[in-house]
$ cat work_6.cif   # mmCIF, C-alpha atoms
data_coords
#
loop_
_atom_site.label_atom_id
_atom_site.label_comp_id
_atom_site.auth_asym_id
_atom_site.auth_seq_id
_atom_site.Cartn_x
_atom_site.Cartn_y
_atom_site.Cartn_z
CA LEU W 1 -26.55 3.94 -1.47
CA ASP W 2 -24.27 0.93 -1.97
CA THR W 3 -23.36 2.21 -5.43
CA ILE W 4 -22.46 5.63 -4.03
CA ARG W 5 -20.40 4.14 -1.25
CA GLU W 6 -18.53 1.99 -3.75
CA ALA W 7 -17.89 5.02 -5.98
CA VAL W 8 -16.55 7.04 -3.06
CA ARG W 9 -14.41 4.12 -1.88
CA ARG W 10 -12.87 3.63 -5.31
CA GLY W 11 -12.30 7.36 -5.69
CA SER W 12 -10.57 7.64 -2.33
CA GLU W 13 -8.40 4.59 -3.03
CA MET W 14 -7.27 6.04 -6.35
CA MET W 15 -6.54 9.42 -4.73
CA ARG W 16 -4.36 7.77 -2.08
CA GLU W 17 -2.49 5.78 -4.73
CA LEU W 18 -1.97 8.85 -6.91
CA ARG W 19 -0.60 10.85 -3.98
CA THR W 20 1.80 8.07 -3.05
CA PHE W 21 2.91 7.56 -6.66
CA ALA W 22 3.47 11.30 -7.02
CA GLY W 23 5.62 11.29 -3.90
CA GLU W 24 3.35 13.61 -1.92
CA ASN W 25 3.31 11.33 1.12
CA ARG W 26 6.42 12.03 3.15
CA ILE W 27 8.29 9.13 4.67
CA HIS W 28 9.81 9.04 8.14
CA LEU W 29 12.45 6.35 8.35
CA VAL W 30 13.04 4.46 11.58
CA ARG W 31 15.26 1.50 12.38
CA VAL W 32 12.99 -1.54 12.49
CA ASN W 33 13.02 -5.32 12.64
CA PRO W 34 12.00 -6.59 9.16
CA ASN W 35 9.61 -9.15 10.68
CA LEU W 36 7.55 -6.35 12.19
CA LEU W 37 6.98 -4.67 8.82
CA PHE W 38 4.80 -7.52 7.63
CA GLU W 39 3.29 -8.31 11.03
CA ASP W 40 1.79 -4.80 11.03
CA ALA W 41 0.38 -5.27 7.53
CA LYS W 42 -0.76 -8.87 7.98
CA PRO W 43 -4.28 -8.24 9.40
CA LEU W 44 -5.16 -5.83 6.58
CA ALA W 45 -3.54 -7.99 3.91
CA GLU W 46 -5.44 -11.09 4.97
CA HIS W 47 -8.75 -9.25 4.62
CA THR W 48 -8.03 -8.30 1.02
CA VAL W 49 -8.36 -11.90 -0.16
CA GLY W 50 -11.26 -14.33 -0.09
CA ASP W 51 -11.73 -17.23 2.31
CA ASN W 52 -10.50 -19.53 -0.46
CA VAL W 53 -6.99 -18.02 -0.30
CA ILE W 54 -4.57 -18.84 2.52
CA VAL W 55 -1.96 -16.19 3.38
CA SER W 56 1.01 -17.48 5.37
CA PHE W 57 4.05 -15.71 6.78
CA GLU W 58 7.42 -17.22 7.61
CA PRO W 59 9.47 -14.84 9.78
CA GLY W 60 13.21 -14.74 9.37
CA SER W 61 16.03 -14.91 11.90
CA GLY W 62 19.53 -13.53 12.09
CA MET W 63 18.54 -10.52 9.98
CA PRO W 64 19.85 -6.97 10.22
CA ASP W 65 17.47 -4.12 10.99
CA VAL W 66 16.34 -1.97 8.06
CA ASP W 67 15.41 1.69 7.68
CA ALA W 68 11.72 1.95 6.82
CA ASP W 69 8.56 3.94 7.37
CA PRO W 70 6.03 1.36 8.62
CA GLY W 71 3.25 3.85 7.92
CA GLN W 72 4.07 3.60 4.21
CA PHE W 73 5.72 0.21 3.75
CA TRP W 74 2.66 -1.83 4.71
CA LYS W 75 1.16 -0.72 1.37
CA VAL W 76 3.81 -2.78 -0.43
CA PHE W 77 2.50 -6.03 1.05
CA PHE W 78 -1.11 -4.89 0.85
CA ASN W 79 -1.03 -4.13 -2.88
CA ILE W 80 0.92 -7.23 -3.91
CA ILE W 81 -1.26 -9.57 -1.84
CA LYS W 82 -4.43 -7.84 -3.06
CA ASN W 83 -3.34 -8.31 -6.68
CA ALA W 84 -2.43 -11.94 -6.06
CA GLY W 85 -5.79 -12.66 -4.43
CA GLU W 86 -7.67 -11.09 -7.33
CA ALA W 87 -5.60 -13.12 -9.81
CA ILE W 88 -6.35 -16.37 -7.97
CA GLY W 89 -10.07 -15.57 -8.12
CA SER W 90 -12.56 -18.02 -6.68
CA ARG W 91 -10.43 -21.16 -6.81
CA PRO W 92 -8.38 -22.34 -3.79
CA GLY W 93 -4.98 -20.70 -3.63
CA THR W 94 -2.06 -19.76 -1.42
CA ILE W 95 0.08 -16.66 -0.91
CA GLN W 96 3.31 -17.20 1.00
CA VAL W 97 5.38 -14.36 2.45
CA SER W 98 8.86 -14.89 3.83
CA VAL W 99 11.86 -12.76 4.77
CA LYS W 100 15.50 -13.71 5.15
CA PRO W 101 18.98 -12.18 5.33
CA PHE W 102 20.36 -11.34 1.91
CA ALA W 103 23.74 -10.20 0.62
CA MET W 104 23.39 -7.96 -2.42
CA THR W 105 26.09 -8.18 -5.11
CA GLU W 106 26.65 -6.26 -8.33
CA ALA W 107 25.58 -9.29 -10.35
CA LEU W 108 22.37 -9.78 -8.37
CA ALA W 109 21.56 -6.05 -8.41
CA SER W 110 21.13 -6.14 -12.19
CA GLY W 111 18.02 -8.27 -11.75
CA PHE W 112 16.25 -5.68 -9.57
CA ILE W 113 14.31 -2.56 -10.51
CA SER W 114 15.57 0.38 -8.45
CA ALA W 115 15.77 4.17 -8.61
CA ALA W 116 19.56 4.05 -8.22
CA PRO W 117 21.98 1.14 -8.60
CA LEU W 118 21.77 -1.10 -5.54
CA GLN W 119 25.03 -1.16 -3.64
CA PRO W 120 26.64 -4.46 -2.62
CA GLY W 121 26.16 -5.23 1.03
CA ALA W 122 23.97 -6.81 3.68
CA GLY W 123 20.22 -6.47 3.78
CA VAL W 124 17.02 -8.49 3.76
CA LEU W 125 14.88 -10.04 1.05
CA PHE W 126 11.10 -10.29 1.25
CA GLU W 127 9.53 -12.93 -0.96
CA ILE W 128 5.83 -12.93 -1.83
CA ARG W 129 4.85 -16.07 -3.75
CA ASP W 130 1.43 -17.05 -5.08
CA ASP W 131 0.11 -20.01 -7.06
CA GLY W 132 -2.15 -17.93 -9.29
CA PRO W 133 -2.41 -17.98 -13.09
CA GLY W 134 0.82 -16.04 -13.67
CA ILE W 135 1.46 -12.92 -15.75
CA PRO W 136 2.16 -12.89 -19.50
CA ALA W 137 5.83 -12.42 -20.29
CA SER W 138 5.00 -9.52 -22.63
CA LEU W 139 3.54 -7.55 -19.72
CA LEU W 140 6.34 -8.06 -17.19
CA PRO W 141 8.68 -5.26 -18.41
CA ARG W 142 5.87 -2.69 -18.01
CA LEU W 143 4.14 -4.12 -14.94
CA PHE W 144 5.36 -1.40 -12.56
CA ASP W 145 4.48 1.45 -14.90
CA PRO W 146 1.44 3.53 -13.91
CA PHE W 147 -1.91 2.58 -15.46
CA VAL W 148 -0.64 -0.83 -16.59
CA SER W 149 -2.65 -3.73 -15.20
CA SER W 150 -2.70 -7.47 -15.74
CA LYS W 151 -6.40 -7.52 -14.80
CA ALA W 152 -9.28 -7.00 -17.19
CA ILE W 153 -10.61 -4.31 -14.86
CA GLY W 154 -8.08 -2.34 -12.85
CA ARG W 155 -6.56 1.10 -12.33
CA GLY W 156 -2.98 -0.11 -12.76
CA LEU W 157 -1.72 2.00 -9.86
CA GLY W 158 -1.14 -0.63 -7.17
CA LEU W 159 2.20 -1.98 -8.43
CA ALA W 160 3.36 1.48 -9.52
CA THR W 161 2.77 2.54 -5.91
CA VAL W 162 4.72 -0.50 -4.69
CA ARG W 163 7.68 0.43 -6.86
CA THR W 164 7.62 4.05 -5.67
CA ILE W 165 7.58 3.08 -2.00
CA VAL W 166 10.35 0.49 -2.37
CA GLU W 167 12.56 2.92 -4.29
CA THR W 168 12.07 5.74 -1.77
CA HIS W 169 13.33 3.28 0.87
CA GLY W 170 16.52 2.73 -1.12
CA GLY W 171 15.49 -0.78 -2.10
CA GLY W 172 14.78 -2.75 -5.23
CA ILE W 173 12.12 -5.11 -6.54
CA SER W 174 12.11 -8.02 -8.98
CA ILE W 175 9.42 -10.30 -10.34
CA ASP W 176 9.37 -13.80 -11.79
CA SER W 177 6.17 -15.24 -13.22
CA GLN W 178 5.15 -18.29 -15.20
CA LEU W 179 1.74 -18.86 -16.72
CA ASP W 180 -0.34 -21.43 -14.84
CA ARG W 181 2.34 -21.72 -12.14
CA GLY W 182 2.26 -18.42 -10.26
CA THR W 183 4.23 -15.28 -9.51
CA VAL W 184 7.07 -14.40 -7.13
CA PHE W 185 7.95 -10.86 -6.02
CA HIS W 186 11.32 -10.20 -4.38
CA ILE W 187 11.85 -6.98 -2.43
CA PHE W 188 15.31 -6.02 -1.19
CA LEU W 189 16.00 -3.49 1.56
CA PRO W 190 19.56 -2.64 2.62
CA GLU W 191 20.84 -2.91 6.17
CA SER W 192 19.95 -0.01 8.46
CA LYS W 193 22.24 2.99 8.50
CA LEU W 194 20.44 4.73 11.37
CA VAL W 195 21.93 4.72 14.85
CA PRO W 196 19.79 2.58 17.19
CA GLU W 197 17.75 4.58 19.68
CA PRO W 198 18.53 3.82 23.34
CA GLU W 199 15.38 1.79 23.89
CA GLN W 200 16.13 -0.25 20.76
CA ALA W 201 19.70 -1.19 21.64
CA GLY W 202 20.12 -4.92 22.15
CA HIS W 203 16.64 -5.95 21.00
CA ALA W 204 14.20 -5.70 18.11
CA ALA W 205 12.39 -2.47 17.34
CA ASP W 206 9.35 -1.79 19.45
CA ALA W 207 6.19 -2.98 17.71
CA GLU W 208 4.39 0.16 18.78
CA ALA W 209 7.02 2.32 17.11
CA ALA W 210 6.53 0.28 13.95
CA SER W 211 2.74 0.56 13.90
CA PRO W 212 1.42 1.92 10.56
CA GLN W 213 -1.37 3.62 12.51
CA LYS W 214 0.85 5.85 14.67
CA THR W 215 1.16 8.67 12.14
CA GLY W 216 0.10 9.19 8.58
CA GLU W 217 -2.31 10.80 6.13
CA VAL W 218 -5.69 9.30 5.34
CA LEU W 219 -8.88 10.26 3.57
CA GLY W 220 -12.14 10.72 5.42
CA PHE W 221 -15.77 11.05 4.39
CA GLU W 222 -18.16 13.87 5.22
CA TYR W 223 -21.92 13.35 4.83
CA VAL W 224 -24.10 16.43 4.38
CA ASP W 225 -27.90 16.26 4.59
CA LEU W 226 -28.86 19.03 2.17
CA GLU W 227 -32.38 19.22 3.63
CA LYS W 228 -30.88 20.29 6.97
CA ALA W 229 -27.61 21.99 6.06
CA GLN W 230 -26.19 24.16 3.31
CA PRO W 231 -23.65 22.55 0.94
CA ARG W 232 -20.12 23.83 0.72
CA PRO W 233 -20.08 27.01 -1.43
CA ASP W 234 -17.24 25.63 -3.57
CA VAL W 235 -19.29 22.62 -4.66
CA LEU W 236 -22.74 24.23 -4.80
CA GLN W 237 -22.59 24.77 -8.55
CA LYS W 238 -21.71 21.09 -9.10
CA LEU W 239 -24.83 19.77 -7.37
CA PRO W 240 -28.00 18.86 -9.27
CA ALA W 241 -31.11 20.76 -8.23
CA SER W 242 -32.71 17.52 -6.99
CA ALA W 243 -29.81 16.58 -4.71
CA VAL W 244 -30.77 15.86 -1.10
CA TYR W 245 -27.42 14.57 0.20
CA GLN W 246 -23.74 15.03 -0.50
CA PHE W 247 -20.56 13.04 0.22
CA ASN W 248 -17.25 14.88 0.40
CA VAL W 249 -13.82 13.22 0.50
CA LEU W 250 -11.46 15.20 2.77
CA PRO W 251 -7.73 14.82 3.55
CA LEU W 252 -7.09 13.94 7.20
CA LYS W 253 -3.95 13.50 9.30
CA PHE W 254 -3.57 10.95 12.07
CA ALA W 255 -0.82 11.69 14.61
CA ASP W 256 -0.36 10.63 18.23
CA GLY W 257 -3.91 9.36 18.49
CA VAL W 258 -5.52 12.55 17.14
CA LEU W 259 -7.32 12.84 13.78
CA THR W 260 -7.38 16.34 12.26
CA VAL W 261 -8.60 17.82 8.97
CA VAL W 262 -5.64 18.86 6.81
CA SER W 263 -7.76 20.94 4.42
CA SER W 264 -11.43 21.81 4.22
CA ASP W 265 -11.33 21.60 0.42
CA PRO W 266 -12.77 18.23 -0.65
CA PHE W 267 -10.90 16.03 -3.14
CA SER W 268 -14.16 14.90 -4.66
CA THR W 269 -17.91 15.17 -4.17
CA VAL W 270 -20.73 12.73 -4.80
CA ALA W 271 -24.37 13.85 -4.62
CA GLY W 272 -27.71 12.09 -4.93
CA ASP W 273 -31.45 12.64 -4.90
CA GLY W 274 -32.49 9.83 -2.55
CA LEU W 275 -31.29 6.90 -0.46
#
$ encode --input "work_6.cif" --output "structure tokens"
Amino acid sequence: LDTIREAVRRGSEMMRELRTFAGENRIHLVRVNPNLLFEDAKPLAEHTVGDNVIVSFEPGSGMPDVDADPGQFWKVFFNIIKNAGEAIGSRPGTIQVSVKPFAMTEALASGFISAAPLQPGAGVLFEIRDDGPGIPASLLPRLFDPFVSSKAIGRGLGLATVRTIVETHGGGISIDSQLDRGTVFHIFLPESKLVPEPEQAGHAADAEAASPQKTGEVLGFEYVDLEKAQPRPDVLQKLPASAVYQFNVLPLKFADGVLTVVSSDPFSTVAGDGL
């Protein structure tokens, strides 16, 4: 059962990453305090690393608001911190996240990867720094390409997803890494262009409005006991004759506290002949 659960988990993770990389997940930009973007992701990010790794966050001050979709942007921190934790391995390590005001210039923009040239102007800079083993220089130019991984075992989609999300937010990303000394990611987001909503005027964006759980698309699991219920007709021919249970991965939508099934067609199916 543990093996099946792990297979389903890995399959659902890869499906989410593929959908994000392909641009299927729509973004809804809101004006938000940059500090809140990481605060929303922090609980999840901390659980992606072992007890031997300390994740710290240094909030910034005097920063402009940015335009972001908190329901998507938390994946940027999640994937980078997850990769850093896996690179550190079992030894003691640290991952430090900070954010500060940043003035983009034409000269600085050349050092960032972005979908379109970054325009000079005010914004913020997130820095994610780890003291892991570093990344080989030969791999750095291709690190954000899909299916490229610095790990011996990996899908190579996490950082490609990071790049896609940052670019759809009009930002840019850069990386500096040295073997045996660690890696630093820099993520730039430009100053907000959205008009502040009335309740946001004069203060930081509401944390509830910035919650990554308010709206979004997720994947859910459906368990079918084949001794008590009939399997879905569309997957019947895929099941072995000895199968007694079936797991289906279904697309779900979470909005305003309600979880609904987007489509009854499963992304993938796993079956077995005993628990």
$ resolve_selection --input "work_6.cif" --expression "the PyMOL selection byres ((chain W and resi 112) around 6)" --output "list of chain:residue names"
W:Ala109, W:Ser110, W:Gly111, W:Ile113, W:Gly172, W:Ile173, W:Ser174
$ resolve_selection --input "work_6.cif" --expression "the PyMOL selection byres ((chain W and resi 102) around 12)" --output "list in words"
Gly60, Ser61, Gly62, Met63, Pro64, Asp65, Val66, Val99, Lys100, Pro101, Ala103, Met104, Thr105, Leu108, Ala109, Pro120, Gly121, Ala122, Gly123, Val124, Leu125, Phe126, Glu127, His186, Ile187, Phe188, Leu189, Pro190 and Glu191 of chain W
$ atom_distance --input "work_6.cif" --atom1 "atom CA of W:Arg163" --atom2 "atom CA of W:Val76"
8.2 Å
$ residues_near_point --input "work_6.cif" --point "(-0.8, -20.4, -11.3)" --cutoff "12 Å" --atoms "all atoms listed in the file" --output "compact mmCIF listing (two decimals) with C-alpha atoms, keeping the file's coordinate frame"
# COMPACT_ATOMS: atom_id res chain seq x y z
CA ALA W 84 -2.43 -11.94 -6.06
CA GLY W 85 -5.79 -12.66 -4.43
CA ALA W 87 -5.60 -13.12 -9.81
CA ILE W 88 -6.35 -16.37 -7.97
CA GLY W 89 -10.07 -15.57 -8.12
CA ARG W 91 -10.43 -21.16 -6.81
CA PRO W 92 -8.38 -22.34 -3.79
CA GLY W 93 -4.98 -20.70 -3.63
CA THR W 94 -2.06 -19.76 -1.42
CA ILE W 95 0.08 -16.66 -0.91
CA ARG W 129 4.85 -16.07 -3.75
CA ASP W 130 1.43 -17.05 -5.08
CA ASP W 131 0.11 -20.01 -7.06
CA GLY W 132 -2.15 -17.93 -9.29
CA PRO W 133 -2.41 -17.98 -13.09
CA GLY W 134 0.82 -16.04 -13.67
CA ILE W 135 1.46 -12.92 -15.75
CA PRO W 136 2.16 -12.89 -19.50
CA SER W 177 6.17 -15.24 -13.22
CA GLN W 178 5.15 -18.29 -15.20
CA LEU W 179 1.74 -18.86 -16.72
CA ASP W 180 -0.34 -21.43 -14.84
CA ARG W 181 2.34 -21.72 -12.14
CA GLY W 182 2.26 -18.42 -10.26
CA THR W 183 4.23 -15.28 -9.51
CA VAL W 184 7.07 -14.40 -7.13
$ atom_distance --input "work_6.cif" --atom1 "atom CA of W:Leu118" --atom2 "atom CA of W:His28"
20.8 Å
$ atom_distance --input "work_6.cif" --atom1 "atom CA of W:Ile165" --atom2 "atom CA of W:Phe144"
11.7 Å
$ closest_residue --input "work_6.cif" --among "W:Ala137, W:Val30, W:Ile175, W:Ala107" --to "W:Ala68" --atoms "only C-alpha atoms"
W:Val30
$ closest_residue --input "work_6.cif" --among "W:Asp67, W:Glu197, W:Glu86, W:Glu58" --to "W:Ile128" --atoms "only C-alpha atoms"
W:Glu58
$ resolve_selection --input "work_6.cif" --expression "the PyMOL selection byres ((chain W and resi 29) around 12)" --output "JSON, numbers by chain"
{"W": [26, 27, 28, 30, 31, 32, 65, 66, 67, 68, 69, 70, 71, 72, 73, 165, 168, 169, 170, 192, 193, 194, 195, 209, 210]}
$ write_last_selection --input "work_6.cif" --atoms "C-alpha atoms" --output "mmCIF file, keeping the file's coordinate frame"
data_model
loop_
_atom_site.group_PDB
_atom_site.id
_atom_site.type_symbol
_atom_site.label_atom_id
_atom_site.label_comp_id
_atom_site.auth_asym_id
_atom_site.auth_seq_id
_atom_site.Cartn_x
_atom_site.Cartn_y
_atom_site.Cartn_z
ATOM 1 C CA ARG W 26 6.420 12.030 3.150
ATOM 2 C CA ILE W 27 8.290 9.130 4.670
ATOM 3 C CA HIS W 28 9.810 9.040 8.140
ATOM 4 C CA VAL W 30 13.040 4.460 11.580
ATOM 5 C CA ARG W 31 15.260 1.500 12.380
ATOM 6 C CA VAL W 32 12.990 -1.540 12.490
ATOM 7 C CA ASP W 65 17.470 -4.120 10.990
ATOM 8 C CA VAL W 66 16.340 -1.970 8.060
ATOM 9 C CA ASP W 67 15.410 1.690 7.680
ATOM 10 C CA ALA W 68 11.720 1.950 6.820
ATOM 11 C CA ASP W 69 8.560 3.940 7.370
ATOM 12 C CA PRO W 70 6.030 1.360 8.620
ATOM 13 C CA GLY W 71 3.250 3.850 7.920
ATOM 14 C CA GLN W 72 4.070 3.600 4.210
ATOM 15 C CA PHE W 73 5.720 0.210 3.750
ATOM 16 C CA ILE W 165 7.580 3.080 -2.000
ATOM 17 C CA THR W 168 12.070 5.740 -1.770
ATOM 18 C CA HIS W 169 13.330 3.280 0.870
ATOM 19 C CA GLY W 170 16.520 2.730 -1.120
ATOM 20 C CA SER W 192 19.950 -0.010 8.460
ATOM 21 C CA LYS W 193 22.240 2.990 8.500
ATOM 22 C CA LEU W 194 20.440 4.730 11.370
ATOM 23 C CA VAL W 195 21.930 4.720 14.850
ATOM 24 C CA ALA W 209 7.020 2.320 17.110
ATOM 25 C CA ALA W 210 6.530 0.280 13.950
#
$ closest_residue --input "work_6.cif" --among "W:Ile81, W:Leu139, W:Glu167, W:Phe185" --to "W:Ala116" --atoms "all atoms listed in the file"
W:Glu167
$ build_atoms --input "work_6.cif" --residues "stretch 65-79 of chain W" --atoms "N, CA and C atoms" --output "compact mmCIF listing (two decimals), keeping the file's coordinate frame"
# COMPACT_ATOMS: atom_id res chain seq x y z
N ASP W 65 18.56 -5.08 11.05
CA ASP W 65 17.47 -4.12 10.99
C ASP W 65 17.53 -3.38 9.66
N VAL W 66 16.40 -2.78 9.28
CA VAL W 66 16.34 -1.97 8.06
C VAL W 66 15.78 -0.60 8.40
N ASP W 67 15.99 0.36 7.53
CA ASP W 67 15.41 1.69 7.68
C ASP W 67 14.13 1.76 6.87
N ALA W 68 13.00 1.96 7.53
CA ALA W 68 11.72 1.95 6.82
C ALA W 68 10.71 2.83 7.54
N ASP W 69 9.71 3.22 6.81
CA ASP W 69 8.56 3.94 7.37
C ASP W 69 7.40 2.95 7.41
N PRO W 70 7.11 2.35 8.56
CA PRO W 70 6.03 1.36 8.62
C PRO W 70 4.70 1.91 8.17
N GLY W 71 4.50 3.23 8.34
CA GLY W 71 3.25 3.85 7.92
C GLY W 71 3.06 3.90 6.42
N GLN W 72 4.14 3.66 5.67
CA GLN W 72 4.07 3.60 4.21
C GLN W 72 4.32 2.20 3.68
N PHE W 73 5.26 1.47 4.33
CA PHE W 73 5.72 0.21 3.75
C PHE W 73 4.67 -0.89 3.78
N TRP W 74 3.71 -0.81 4.68
CA TRP W 74 2.66 -1.83 4.71
C TRP W 74 1.89 -1.88 3.40
N LYS W 75 1.87 -0.76 2.65
CA LYS W 75 1.16 -0.72 1.37
C LYS W 75 1.81 -1.62 0.33
N VAL W 76 3.12 -1.88 0.49
CA VAL W 76 3.81 -2.78 -0.43
C VAL W 76 3.19 -4.18 -0.35
N PHE W 77 3.09 -4.70 0.86
CA PHE W 77 2.50 -6.03 1.05
C PHE W 77 1.02 -6.02 0.67
N PHE W 78 0.33 -4.98 1.09
CA PHE W 78 -1.11 -4.89 0.85
C PHE W 78 -1.42 -4.97 -0.64
N ASN W 79 -0.73 -4.18 -1.45
CA ASN W 79 -1.03 -4.13 -2.88
C ASN W 79 -0.65 -5.42 -3.60
